[in-house]
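**Student:** Next up, upload.txt (compact mmCIF, N, CA and C atoms).
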# COMPACT_ATOMS: atom_id res chain seq x y z
N MET A 28 111.85 191.96 89.39
CA MET A 28 112.10 191.09 88.25
C MET A 28 112.80 189.84 88.76
N MET A 29 112.33 188.70 88.29
CA MET A 29 112.99 187.42 88.57
C MET A 29 113.30 186.77 87.24
N ILE A 30 114.53 186.27 87.15
CA ILE A 30 114.95 185.60 85.93
C ILE A 30 115.40 184.18 86.28
N TRP A 31 114.74 183.22 85.73
CA TRP A 31 115.03 181.81 85.86
C TRP A 31 115.31 181.34 87.29
N PRO A 32 114.37 181.61 88.22
CA PRO A 32 114.57 181.06 89.56
C PRO A 32 114.34 179.54 89.55
N TYR A 33 115.01 178.84 90.45
CA TYR A 33 114.85 177.38 90.53
C TYR A 33 113.38 177.01 90.66
N PHE A 34 113.04 175.79 90.28
CA PHE A 34 111.67 175.33 90.41
C PHE A 34 111.44 174.55 91.70
N GLU A 35 112.45 174.50 92.55
CA GLU A 35 112.32 173.86 93.86
C GLU A 35 112.83 174.81 94.93
N SER A 36 112.24 174.73 96.11
CA SER A 36 112.72 175.52 97.24
C SER A 36 114.03 174.93 97.74
N GLU A 37 114.88 175.79 98.24
CA GLU A 37 116.12 175.33 98.85
C GLU A 37 115.91 175.36 100.36
N GLY A 38 115.89 174.20 100.99
CA GLY A 38 115.62 174.15 102.42
C GLY A 38 114.14 174.34 102.69
N GLU A 39 113.82 174.85 103.88
CA GLU A 39 112.43 175.00 104.28
C GLU A 39 111.82 176.31 103.81
N LYS A 40 112.63 177.29 103.51
CA LYS A 40 112.14 178.62 103.17
C LYS A 40 112.01 178.78 101.65
N ASP A 41 110.85 179.22 101.21
CA ASP A 41 110.62 179.48 99.80
C ASP A 41 110.89 180.97 99.56
N TRP A 42 112.13 181.31 99.23
CA TRP A 42 112.50 182.72 99.10
C TRP A 42 111.76 183.40 97.96
N GLN A 43 111.40 182.65 96.93
CA GLN A 43 110.70 183.26 95.79
C GLN A 43 109.33 183.78 96.19
N ALA A 44 108.54 182.93 96.83
CA ALA A 44 107.20 183.34 97.27
C ALA A 44 107.32 184.46 98.30
N GLU A 45 108.25 184.34 99.22
CA GLU A 45 108.43 185.35 100.27
C GLU A 45 108.84 186.69 99.66
N ALA A 46 109.75 186.68 98.71
CA ALA A 46 110.19 187.92 98.07
C ALA A 46 109.02 188.60 97.35
N LEU A 47 108.20 187.82 96.66
CA LEU A 47 107.07 188.40 95.93
C LEU A 47 106.03 188.95 96.90
N LYS A 48 105.79 188.27 98.02
CA LYS A 48 104.85 188.78 99.04
C LYS A 48 105.32 190.11 99.61
N ARG A 49 106.63 190.26 99.81
CA ARG A 49 107.19 191.48 100.40
C ARG A 49 107.41 192.60 99.40
N PHE A 50 107.36 192.28 98.11
CA PHE A 50 107.61 193.25 97.06
C PHE A 50 106.54 194.33 97.09
N ALA A 51 106.95 195.58 97.19
CA ALA A 51 106.00 196.69 97.32
C ALA A 51 105.55 197.25 95.98
N GLY A 52 106.17 196.84 94.90
CA GLY A 52 105.81 197.36 93.59
C GLY A 52 104.47 196.85 93.09
N ARG A 53 103.97 197.48 92.05
CA ARG A 53 102.67 197.12 91.47
C ARG A 53 102.83 196.27 90.20
N LYS A 54 104.04 196.23 89.64
CA LYS A 54 104.29 195.44 88.44
C LYS A 54 105.47 194.51 88.69
N PHE A 55 105.40 193.33 88.10
CA PHE A 55 106.42 192.31 88.31
C PHE A 55 106.73 191.64 86.98
N ILE A 56 108.00 191.51 86.67
CA ILE A 56 108.44 190.85 85.44
C ILE A 56 109.08 189.52 85.82
N PHE A 57 108.65 188.48 85.16
CA PHE A 57 109.17 187.14 85.38
C PHE A 57 109.69 186.60 84.04
N VAL A 58 110.94 186.16 84.03
CA VAL A 58 111.51 185.56 82.82
C VAL A 58 111.77 184.09 83.13
N GLY A 59 111.10 183.23 82.40
CA GLY A 59 111.26 181.81 82.61
C GLY A 59 110.17 181.06 81.88
N GLU A 60 109.97 179.82 82.31
CA GLU A 60 108.95 178.98 81.71
C GLU A 60 107.61 179.20 82.42
N HIS A 61 106.56 178.66 81.83
CA HIS A 61 105.24 178.75 82.44
C HIS A 61 105.15 177.84 83.66
N GLN A 62 104.07 177.99 84.42
CA GLN A 62 103.84 177.14 85.58
C GLN A 62 103.95 175.67 85.18
N GLY A 63 104.62 174.90 86.01
CA GLY A 63 104.85 173.49 85.71
C GLY A 63 106.12 173.24 84.91
N GLY A 64 106.77 174.32 84.48
CA GLY A 64 108.01 174.20 83.73
C GLY A 64 109.21 174.13 84.66
N ALA A 65 110.34 174.54 84.16
CA ALA A 65 111.60 174.41 84.90
C ALA A 65 111.95 175.63 85.74
N THR A 66 111.01 176.54 85.95
CA THR A 66 111.29 177.72 86.76
C THR A 66 110.14 178.01 87.71
N GLY A 67 110.47 178.57 88.86
CA GLY A 67 109.47 179.00 89.82
C GLY A 67 108.99 177.87 90.72
N THR A 68 109.00 178.14 92.01
CA THR A 68 108.52 177.17 93.00
C THR A 68 106.99 177.14 93.00
N PRO A 69 106.41 176.06 93.52
CA PRO A 69 104.95 176.03 93.65
C PRO A 69 104.43 177.23 94.46
N GLY A 70 105.18 177.64 95.49
CA GLY A 70 104.77 178.78 96.30
C GLY A 70 104.75 180.08 95.50
N LEU A 71 105.72 180.25 94.62
CA LEU A 71 105.75 181.44 93.76
C LEU A 71 104.52 181.45 92.86
N TRP A 72 104.22 180.32 92.22
CA TRP A 72 103.06 180.26 91.33
C TRP A 72 101.76 180.47 92.08
N GLU A 73 101.67 179.97 93.32
CA GLU A 73 100.47 180.20 94.15
C GLU A 73 100.31 181.68 94.46
N GLU A 74 101.41 182.35 94.78
CA GLU A 74 101.36 183.79 95.07
C GLU A 74 100.98 184.58 93.83
N LEU A 75 101.52 184.22 92.68
CA LEU A 75 101.15 184.90 91.44
C LEU A 75 99.66 184.71 91.15
N GLU A 76 99.15 183.51 91.35
CA GLU A 76 97.74 183.23 91.09
C GLU A 76 96.82 184.01 92.02
N SER A 77 97.18 184.09 93.28
CA SER A 77 96.28 184.72 94.26
C SER A 77 96.37 186.24 94.30
N SER A 78 97.53 186.81 94.04
CA SER A 78 97.71 188.25 94.25
C SER A 78 98.08 189.05 93.02
N TRP A 79 98.30 188.38 91.90
CA TRP A 79 98.78 189.06 90.69
C TRP A 79 97.95 188.67 89.48
N LYS A 80 97.85 189.58 88.53
CA LYS A 80 97.15 189.32 87.28
C LYS A 80 98.17 189.29 86.15
N HIS A 81 98.15 188.23 85.36
CA HIS A 81 99.04 188.12 84.20
C HIS A 81 98.48 189.03 83.11
N VAL A 82 99.27 190.03 82.68
CA VAL A 82 98.77 190.99 81.70
C VAL A 82 99.41 190.86 80.32
N GLY A 83 100.41 190.03 80.19
CA GLY A 83 100.99 189.85 78.87
C GLY A 83 102.29 189.09 78.90
N SER A 84 102.70 188.66 77.73
CA SER A 84 103.95 187.91 77.56
C SER A 84 104.63 188.39 76.29
N ILE A 85 105.94 188.26 76.28
CA ILE A 85 106.74 188.61 75.12
C ILE A 85 107.64 187.42 74.83
N GLY A 86 107.59 186.93 73.62
CA GLY A 86 108.47 185.84 73.22
C GLY A 86 109.90 186.34 73.07
N ILE A 87 110.84 185.50 73.42
CA ILE A 87 112.26 185.83 73.32
C ILE A 87 112.98 184.65 72.66
N PRO A 88 114.20 184.88 72.17
CA PRO A 88 114.96 183.75 71.62
C PRO A 88 115.13 182.66 72.67
N GLN A 89 115.09 181.41 72.24
CA GLN A 89 115.15 180.29 73.17
C GLN A 89 116.16 179.25 72.73
N TRP A 90 116.76 178.58 73.71
CA TRP A 90 117.59 177.42 73.43
C TRP A 90 116.68 176.25 73.10
N ASP A 91 117.18 175.23 72.43
CA ASP A 91 116.40 174.03 72.18
C ASP A 91 115.90 173.45 73.50
N MET A 92 114.65 173.01 73.49
CA MET A 92 114.01 172.36 74.65
C MET A 92 113.75 173.31 75.82
N ILE A 93 113.97 174.59 75.66
CA ILE A 93 113.70 175.57 76.70
C ILE A 93 112.57 176.46 76.21
N HIS A 94 111.66 176.82 77.10
CA HIS A 94 110.46 177.54 76.70
C HIS A 94 110.33 178.86 77.47
N ASP A 95 111.37 179.66 77.43
CA ASP A 95 111.37 180.94 78.16
C ASP A 95 110.49 181.98 77.49
N THR A 96 109.90 182.79 78.31
CA THR A 96 109.09 183.90 77.88
C THR A 96 109.24 185.00 78.93
N VAL A 97 109.08 186.25 78.53
CA VAL A 97 109.03 187.36 79.47
C VAL A 97 107.55 187.56 79.81
N HIS A 98 107.21 187.45 81.10
CA HIS A 98 105.82 187.59 81.56
C HIS A 98 105.70 188.87 82.38
N LEU A 99 104.63 189.61 82.17
CA LEU A 99 104.35 190.81 82.96
C LEU A 99 103.11 190.58 83.80
N TYR A 100 103.23 190.91 85.09
CA TYR A 100 102.12 190.79 86.03
C TYR A 100 101.87 192.14 86.68
N GLU A 101 100.62 192.39 87.05
CA GLU A 101 100.24 193.57 87.83
C GLU A 101 99.54 193.10 89.10
N LYS A 102 99.77 193.81 90.18
CA LYS A 102 99.14 193.48 91.45
C LYS A 102 97.63 193.60 91.31
N LYS A 103 96.89 192.64 91.85
CA LYS A 103 95.42 192.68 91.81
C LYS A 103 94.89 193.75 92.75
Take the structure in the file and write it out as structure tokens.
**Tutor:**
Amino acid sequence: MMIWPYFESEGEKDWQAEALKRFAGRKFIFVGEHQGGATGTPGLWEELESSWKHVGSIGIPQWDMIHDTVHLYEKK
């Protein structure tokens, strides 16, 4: 599960994409905005697109101007 990870890498290493690549589980929960929003690095979104299938979303209470959702993914 990742909750509101930064949308930019810190330094040269993209820990978000690397963590998801190394994750041995079959299901992954992401809480944040959609791709292009204020959460998740480009590398994380690339990994989700290539290796994971989006299977659903759950709306949650949101602050003004924030578009958080709970997203469920399954390994392809």
**Student:** Considering only strand (DSSP E) as DSSP defines it on the backbone, what residues of chain A qualify? List them as a list in words.
**Tutor:**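 Taking chain A and keeping strand (DSSP E) gives Met29, Ile30, Lys54, Phe55, Ile56, Phe57, Val58, Gly59, Trp79, Lys80, His81, Val82, Gly83, Ser84, Ile85, Gly86, Thr96, Val97, His98, Leu99, Tyr100, Glu101 and Lys102 of chain A.
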**Student:** Those same residues - N, CA and C atoms - I'd like them written as a PDB file, keeping the file's coordinate frame.
**Tutor:**
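part30.pdb, written as the output of this step:
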ATOM      1  N   MET A  29     112.330 188.700  88.290  1.00  0.00           N
ATOM      2  CA  MET A  29     112.990 187.420  88.570  1.00  0.00           C
ATOM      3  C   MET A  29     113.300 186.770  87.240  1.00  0.00           C
ATOM      4  N   ILE A  30     114.530 186.270  87.150  1.00  0.00           N
ATOM      5  CA  ILE A  30     114.950 185.600  85.930  1.00  0.00           C
ATOM      6  C   ILE A  30     115.400 184.180  86.280  1.00  0.00           C
ATOM      7  N   LYS A  54     104.040 196.230  89.640  1.00  0.00           N
ATOM      8  CA  LYS A  54     104.290 195.440  88.440  1.00  0.00           C
ATOM      9  C   LYS A  54     105.470 194.510  88.690  1.00  0.00           C
ATOM     10  N   PHE A  55     105.400 193.330  88.100  1.00  0.00           N
ATOM     11  CA  PHE A  55     106.420 192.310  88.310  1.00  0.00           C
ATOM     12  C   PHE A  55     106.730 191.640  86.980  1.00  0.00           C
ATOM     13  N   ILE A  56     108.000 191.510  86.670  1.00  0.00           N
ATOM     14  CA  ILE A  56     108.440 190.850  85.440  1.00  0.00           C
ATOM     15  C   ILE A  56     109.080 189.520  85.820  1.00  0.00           C
ATOM     16  N   PHE A  57     108.650 188.480  85.160  1.00  0.00           N
ATOM     17  CA  PHE A  57     109.170 187.140  85.380  1.00  0.00           C
ATOM     18  C   PHE A  57     109.690 186.600  84.040  1.00  0.00           C
ATOM     19  N   VAL A  58     110.940 186.160  84.030  1.00  0.00           N
ATOM     20  CA  VAL A  58     111.510 185.560  82.820  1.00  0.00           C
ATOM     21  C   VAL A  58     111.770 184.090  83.130  1.00  0.00           C
ATOM     22  N   GLY A  59     111.100 183.230  82.400  1.00  0.00           N
ATOM     23  CA  GLY A  59     111.260 181.810  82.610  1.00  0.00           C
ATOM     24  C   GLY A  59     110.170 181.060  81.880  1.00  0.00           C
ATOM     25  N   TRP A  79      98.300 188.380  91.900  1.00  0.00           N
ATOM     26  CA  TRP A  79      98.780 189.060  90.690  1.00  0.00           C
ATOM     27  C   TRP A  79      97.950 188.670  89.480  1.00  0.00           C
ATOM     28  N   LYS A  80      97.850 189.580  88.530  1.00  0.00           N
ATOM     29  CA  LYS A  80      97.150 189.320  87.280  1.00  0.00           C
ATOM     30  C   LYS A  80      98.170 189.290  86.150  1.00  0.00           C
ATOM     31  N   HIS A  81      98.150 188.230  85.360  1.00  0.00           N
ATOM     32  CA  HIS A  81      99.040 188.120  84.200  1.00  0.00           C
ATOM     33  C   HIS A  81      98.480 189.030  83.110  1.00  0.00           C
ATOM     34  N   VAL A  82      99.270 190.030  82.680  1.00  0.00           N
ATOM     35  CA  VAL A  82      98.770 190.990  81.700  1.00  0.00           C
ATOM     36  C   VAL A  82      99.410 190.860  80.320  1.00  0.00           C
ATOM     37  N   GLY A  83     100.410 190.030  80.190  1.00  0.00           N
ATOM     38  CA  GLY A  83     100.990 189.850  78.870  1.00  0.00           C
ATOM     39  C   GLY A  83     102.290 189.090  78.900  1.00  0.00           C
ATOM     40  N   SER A  84     102.700 188.660  77.730  1.00  0.00           N
ATOM     41  CA  SER A  84     103.950 187.910  77.560  1.00  0.00           C
ATOM     42  C   SER A  84     104.630 188.390  76.290  1.00  0.00           C
ATOM     43  N   ILE A  85     105.940 188.260  76.280  1.00  0.00           N
ATOM     44  CA  ILE A  85     106.740 188.610  75.120  1.00  0.00           C
ATOM     45  C   ILE A  85     107.640 187.420  74.830  1.00  0.00           C
ATOM     46  N   GLY A  86     107.590 186.930  73.620  1.00  0.00           N
ATOM     47  CA  GLY A  86     108.470 185.840  73.220  1.00  0.00           C
ATOM     48  C   GLY A  86     109.900 186.340  73.070  1.00  0.00           C
ATOM     49  N   THR A  96     109.900 182.790  78.310  1.00  0.00           N
ATOM     50  CA  THR A  96     109.090 183.900  77.880  1.00  0.00           C
ATOM     51  C   THR A  96     109.240 185.000  78.930  1.00  0.00           C
ATOM     52  N   VAL A  97     109.080 186.250  78.530  1.00  0.00           N
ATOM     53  CA  VAL A  97     109.030 187.360  79.470  1.00  0.00           C
ATOM     54  C   VAL A  97     107.550 187.560  79.810  1.00  0.00           C
ATOM     55  N   HIS A  98     107.210 187.450  81.100  1.00  0.00           N
ATOM     56  CA  HIS A  98     105.820 187.590  81.560  1.00  0.00           C
ATOM     57  C   HIS A  98     105.700 188.870  82.380  1.00  0.00           C
ATOM     58  N   LEU A  99     104.630 189.610  82.170  1.00  0.00           N
ATOM     59  CA  LEU A  99     104.350 190.810  82.960  1.00  0.00           C
ATOM     60  C   LEU A  99     103.110 190.580  83.800  1.00  0.00           C
ATOM     61  N   TYR A 100     103.230 190.910  85.090  1.00  0.00           N
ATOM     62  CA  TYR A 100     102.120 190.790  86.030  1.00  0.00           C
ATOM     63  C   TYR A 100     101.870 192.140  86.680  1.00  0.00           C
ATOM     64  N   GLU A 101     100.620 192.390  87.050  1.00  0.00           N
ATOM     65  CA  GLU A 101     100.240 193.570  87.830  1.00  0.00           C
ATOM     66  C   GLU A 101      99.540 193.100  89.100  1.00  0.00           C
ATOM     67  N   LYS A 102      99.770 193.810  90.180  1.00  0.00           N
ATOM     68  CA  LYS A 102      99.140 193.480  91.450  1.00  0.00           C
ATOM     69  C   LYS A 102      97.630 193.600  91.310  1.00  0.00           C
TER      70      LYS A 102
END
**Student:** Can you pull out every residue within 6.5 Å of Ala44 (chain A), counting all atoms listed in the file, but drop anything in the same chain fewer than 5 positions away, and send it as a list in words?
**Tutor:** Arg49, Gly70, Leu71 and Glu74 of chain A
**Student:** Under the rule that only C-alpha atoms are counted, which of A:Trp72, A:Tyr100, A:Trp90, A:Trp31 is the nearest residue to Arg53 (chain A)?
**Tutor:**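 Result for the nearest residue to Arg53 (chain A): A:Tyr100.
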**Student:** For atom C of Lys103 (chain A) and atom N of Gly67 (chain A), quote the distance in Å rounded to one decimal.
**Tutor:** 22.1 Å
**Student:** Find the residues around Gly59 (chain A) up to 7 Å (all atoms listed in the file counted), leave out those fewer than 6 positions away in its own chain, and share them as a count of residues only.
**Tutor:** 11
**Student:** Measuring between only N, CA and C atoms, which one of A:Asp91, A:Asp41, A:Glu73, A:Glu101 shows the shortest distance to Lys54 (chain A)?
**Tutor:**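 For Lys54 (chain A), the nearest of the given residues is A:Glu101.
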**Student:** Rebuild region 63-74 of chain A so that it carries all heavy atoms, then output the result as a PDB file, in the coordinates of the input.
**Tutor:**
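Now in out.pdb:
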ATOM      1  N   GLY A  63     104.620 174.900  86.010  1.00  0.00           N
ATOM      2  CA  GLY A  63     104.850 173.490  85.710  1.00  0.00           C
ATOM      3  C   GLY A  63     106.120 173.240  84.910  1.00  0.00           C
ATOM      4  O   GLY A  63     106.500 172.113  84.681  1.00  0.00           O
ATOM      5  N   GLY A  64     106.770 174.320  84.480  1.00  0.00           N
ATOM      6  CA  GLY A  64     108.010 174.200  83.730  1.00  0.00           C
ATOM      7  C   GLY A  64     109.210 174.130  84.660  1.00  0.00           C
ATOM      8  O   GLY A  64     109.094 173.766  85.827  1.00  0.00           O
ATOM      9  N   ALA A  65     110.340 174.540  84.160  1.00  0.00           N
ATOM     10  CA  ALA A  65     111.600 174.410  84.900  1.00  0.00           C
ATOM     11  C   ALA A  65     111.950 175.630  85.740  1.00  0.00           C
ATOM     12  O   ALA A  65     113.085 175.749  86.174  1.00  0.00           O
ATOM     13  CB  ALA A  65     112.727 174.117  83.910  1.00  0.00           C
ATOM     14  N   THR A  66     111.010 176.540  85.950  1.00  0.00           N
ATOM     15  CA  THR A  66     111.290 177.720  86.760  1.00  0.00           C
ATOM     16  C   THR A  66     110.140 178.010  87.710  1.00  0.00           C
ATOM     17  O   THR A  66     108.977 177.745  87.407  1.00  0.00           O
ATOM     18  CB  THR A  66     111.530 178.966  85.874  1.00  0.00           C
ATOM     19  OG1 THR A  66     110.408 179.152  85.014  1.00  0.00           O
ATOM     20  CG2 THR A  66     112.793 178.836  85.048  1.00  0.00           C
ATOM     21  N   GLY A  67     110.470 178.570  88.860  1.00  0.00           N
ATOM     22  CA  GLY A  67     109.470 179.000  89.820  1.00  0.00           C
ATOM     23  C   GLY A  67     108.990 177.870  90.720  1.00  0.00           C
ATOM     24  O   GLY A  67     108.632 176.798  90.262  1.00  0.00           O
ATOM     25  N   THR A  68     109.000 178.140  92.010  1.00  0.00           N
ATOM     26  CA  THR A  68     108.520 177.170  93.000  1.00  0.00           C
ATOM     27  C   THR A  68     106.990 177.140  93.000  1.00  0.00           C
ATOM     28  O   THR A  68     106.338 178.082  92.572  1.00  0.00           O
ATOM     29  CB  THR A  68     108.995 177.551  94.407  1.00  0.00           C
ATOM     30  OG1 THR A  68     108.474 178.848  94.734  1.00  0.00           O
ATOM     31  CG2 THR A  68     110.510 177.543  94.522  1.00  0.00           C
ATOM     32  N   PRO A  69     106.410 176.060  93.520  1.00  0.00           N
ATOM     33  CA  PRO A  69     104.950 176.030  93.650  1.00  0.00           C
ATOM     34  C   PRO A  69     104.430 177.230  94.460  1.00  0.00           C
ATOM     35  O   PRO A  69     103.397 177.802  94.131  1.00  0.00           O
ATOM     36  CB  PRO A  69     104.682 174.711  94.367  1.00  0.00           C
ATOM     37  CG  PRO A  69     105.815 173.824  93.945  1.00  0.00           C
ATOM     38  CD  PRO A  69     107.009 174.757  93.884  1.00  0.00           C
ATOM     39  N   GLY A  70     105.180 177.640  95.490  1.00  0.00           N
ATOM     40  CA  GLY A  70     104.770 178.780  96.300  1.00  0.00           C
ATOM     41  C   GLY A  70     104.750 180.080  95.500  1.00  0.00           C
ATOM     42  O   GLY A  70     103.863 180.921  95.672  1.00  0.00           O
ATOM     43  N   LEU A  71     105.720 180.250  94.620  1.00  0.00           N
ATOM     44  CA  LEU A  71     105.750 181.440  93.760  1.00  0.00           C
ATOM     45  C   LEU A  71     104.520 181.450  92.860  1.00  0.00           C
ATOM     46  O   LEU A  71     103.834 182.464  92.735  1.00  0.00           O
ATOM     47  CB  LEU A  71     107.015 181.470  92.912  1.00  0.00           C
ATOM     48  CG  LEU A  71     107.056 182.597  91.867  1.00  0.00           C
ATOM     49  CD1 LEU A  71     107.200 183.948  92.542  1.00  0.00           C
ATOM     50  CD2 LEU A  71     108.165 182.365  90.876  1.00  0.00           C
ATOM     51  N   TRP A  72     104.220 180.320  92.220  1.00  0.00           N
ATOM     52  CA  TRP A  72     103.060 180.260  91.330  1.00  0.00           C
ATOM     53  C   TRP A  72     101.760 180.470  92.080  1.00  0.00           C
ATOM     54  O   TRP A  72     100.830 181.094  91.574  1.00  0.00           O
ATOM     55  CB  TRP A  72     103.062 178.945  90.548  1.00  0.00           C
ATOM     56  CG  TRP A  72     104.195 178.893  89.576  1.00  0.00           C
ATOM     57  CD1 TRP A  72     105.334 178.138  89.653  1.00  0.00           C
ATOM     58  CD2 TRP A  72     104.330 179.680  88.385  1.00  0.00           C
ATOM     59  NE1 TRP A  72     106.149 178.394  88.581  1.00  0.00           N
ATOM     60  CE2 TRP A  72     105.561 179.340  87.791  1.00  0.00           C
ATOM     61  CE3 TRP A  72     103.543 180.640  87.763  1.00  0.00           C
ATOM     62  CZ2 TRP A  72     106.006 179.913  86.601  1.00  0.00           C
ATOM     63  CZ3 TRP A  72     103.986 181.215  86.576  1.00  0.00           C
ATOM     64  CH2 TRP A  72     105.208 180.857  86.009  1.00  0.00           C
ATOM     65  N   GLU A  73     101.670 179.970  93.320  1.00  0.00           N
ATOM     66  CA  GLU A  73     100.470 180.200  94.150  1.00  0.00           C
ATOM     67  C   GLU A  73     100.310 181.680  94.460  1.00  0.00           C
ATOM     68  O   GLU A  73      99.204 182.216  94.397  1.00  0.00           O
ATOM     69  CB  GLU A  73     100.559 179.391  95.445  1.00  0.00           C
ATOM     70  CG  GLU A  73     100.394 177.908  95.247  1.00  0.00           C
ATOM     71  CD  GLU A  73     100.704 177.110  96.510  1.00  0.00           C
ATOM     72  OE1 GLU A  73     100.769 177.700  97.613  1.00  0.00           O
ATOM     73  OE2 GLU A  73     100.888 175.891  96.382  1.00  0.00           O
ATOM     74  N   GLU A  74     101.410 182.350  94.780  1.00  0.00           N
ATOM     75  CA  GLU A  74     101.360 183.790  95.070  1.00  0.00           C
ATOM     76  C   GLU A  74     100.980 184.580  93.830  1.00  0.00           C
ATOM     77  O   GLU A  74     100.174 185.518  93.899  1.00  0.00           O
ATOM     78  CB  GLU A  74     102.709 184.261  95.625  1.00  0.00           C
ATOM     79  CG  GLU A  74     102.777 185.727  95.938  1.00  0.00           C
ATOM     80  CD  GLU A  74     101.818 186.192  97.019  1.00  0.00           C
ATOM     81  OE1 GLU A  74     101.324 185.367  97.813  1.00  0.00           O
ATOM     82  OE2 GLU A  74     101.542 187.412  97.072  1.00  0.00           O
TER      83      GLU A  74
END
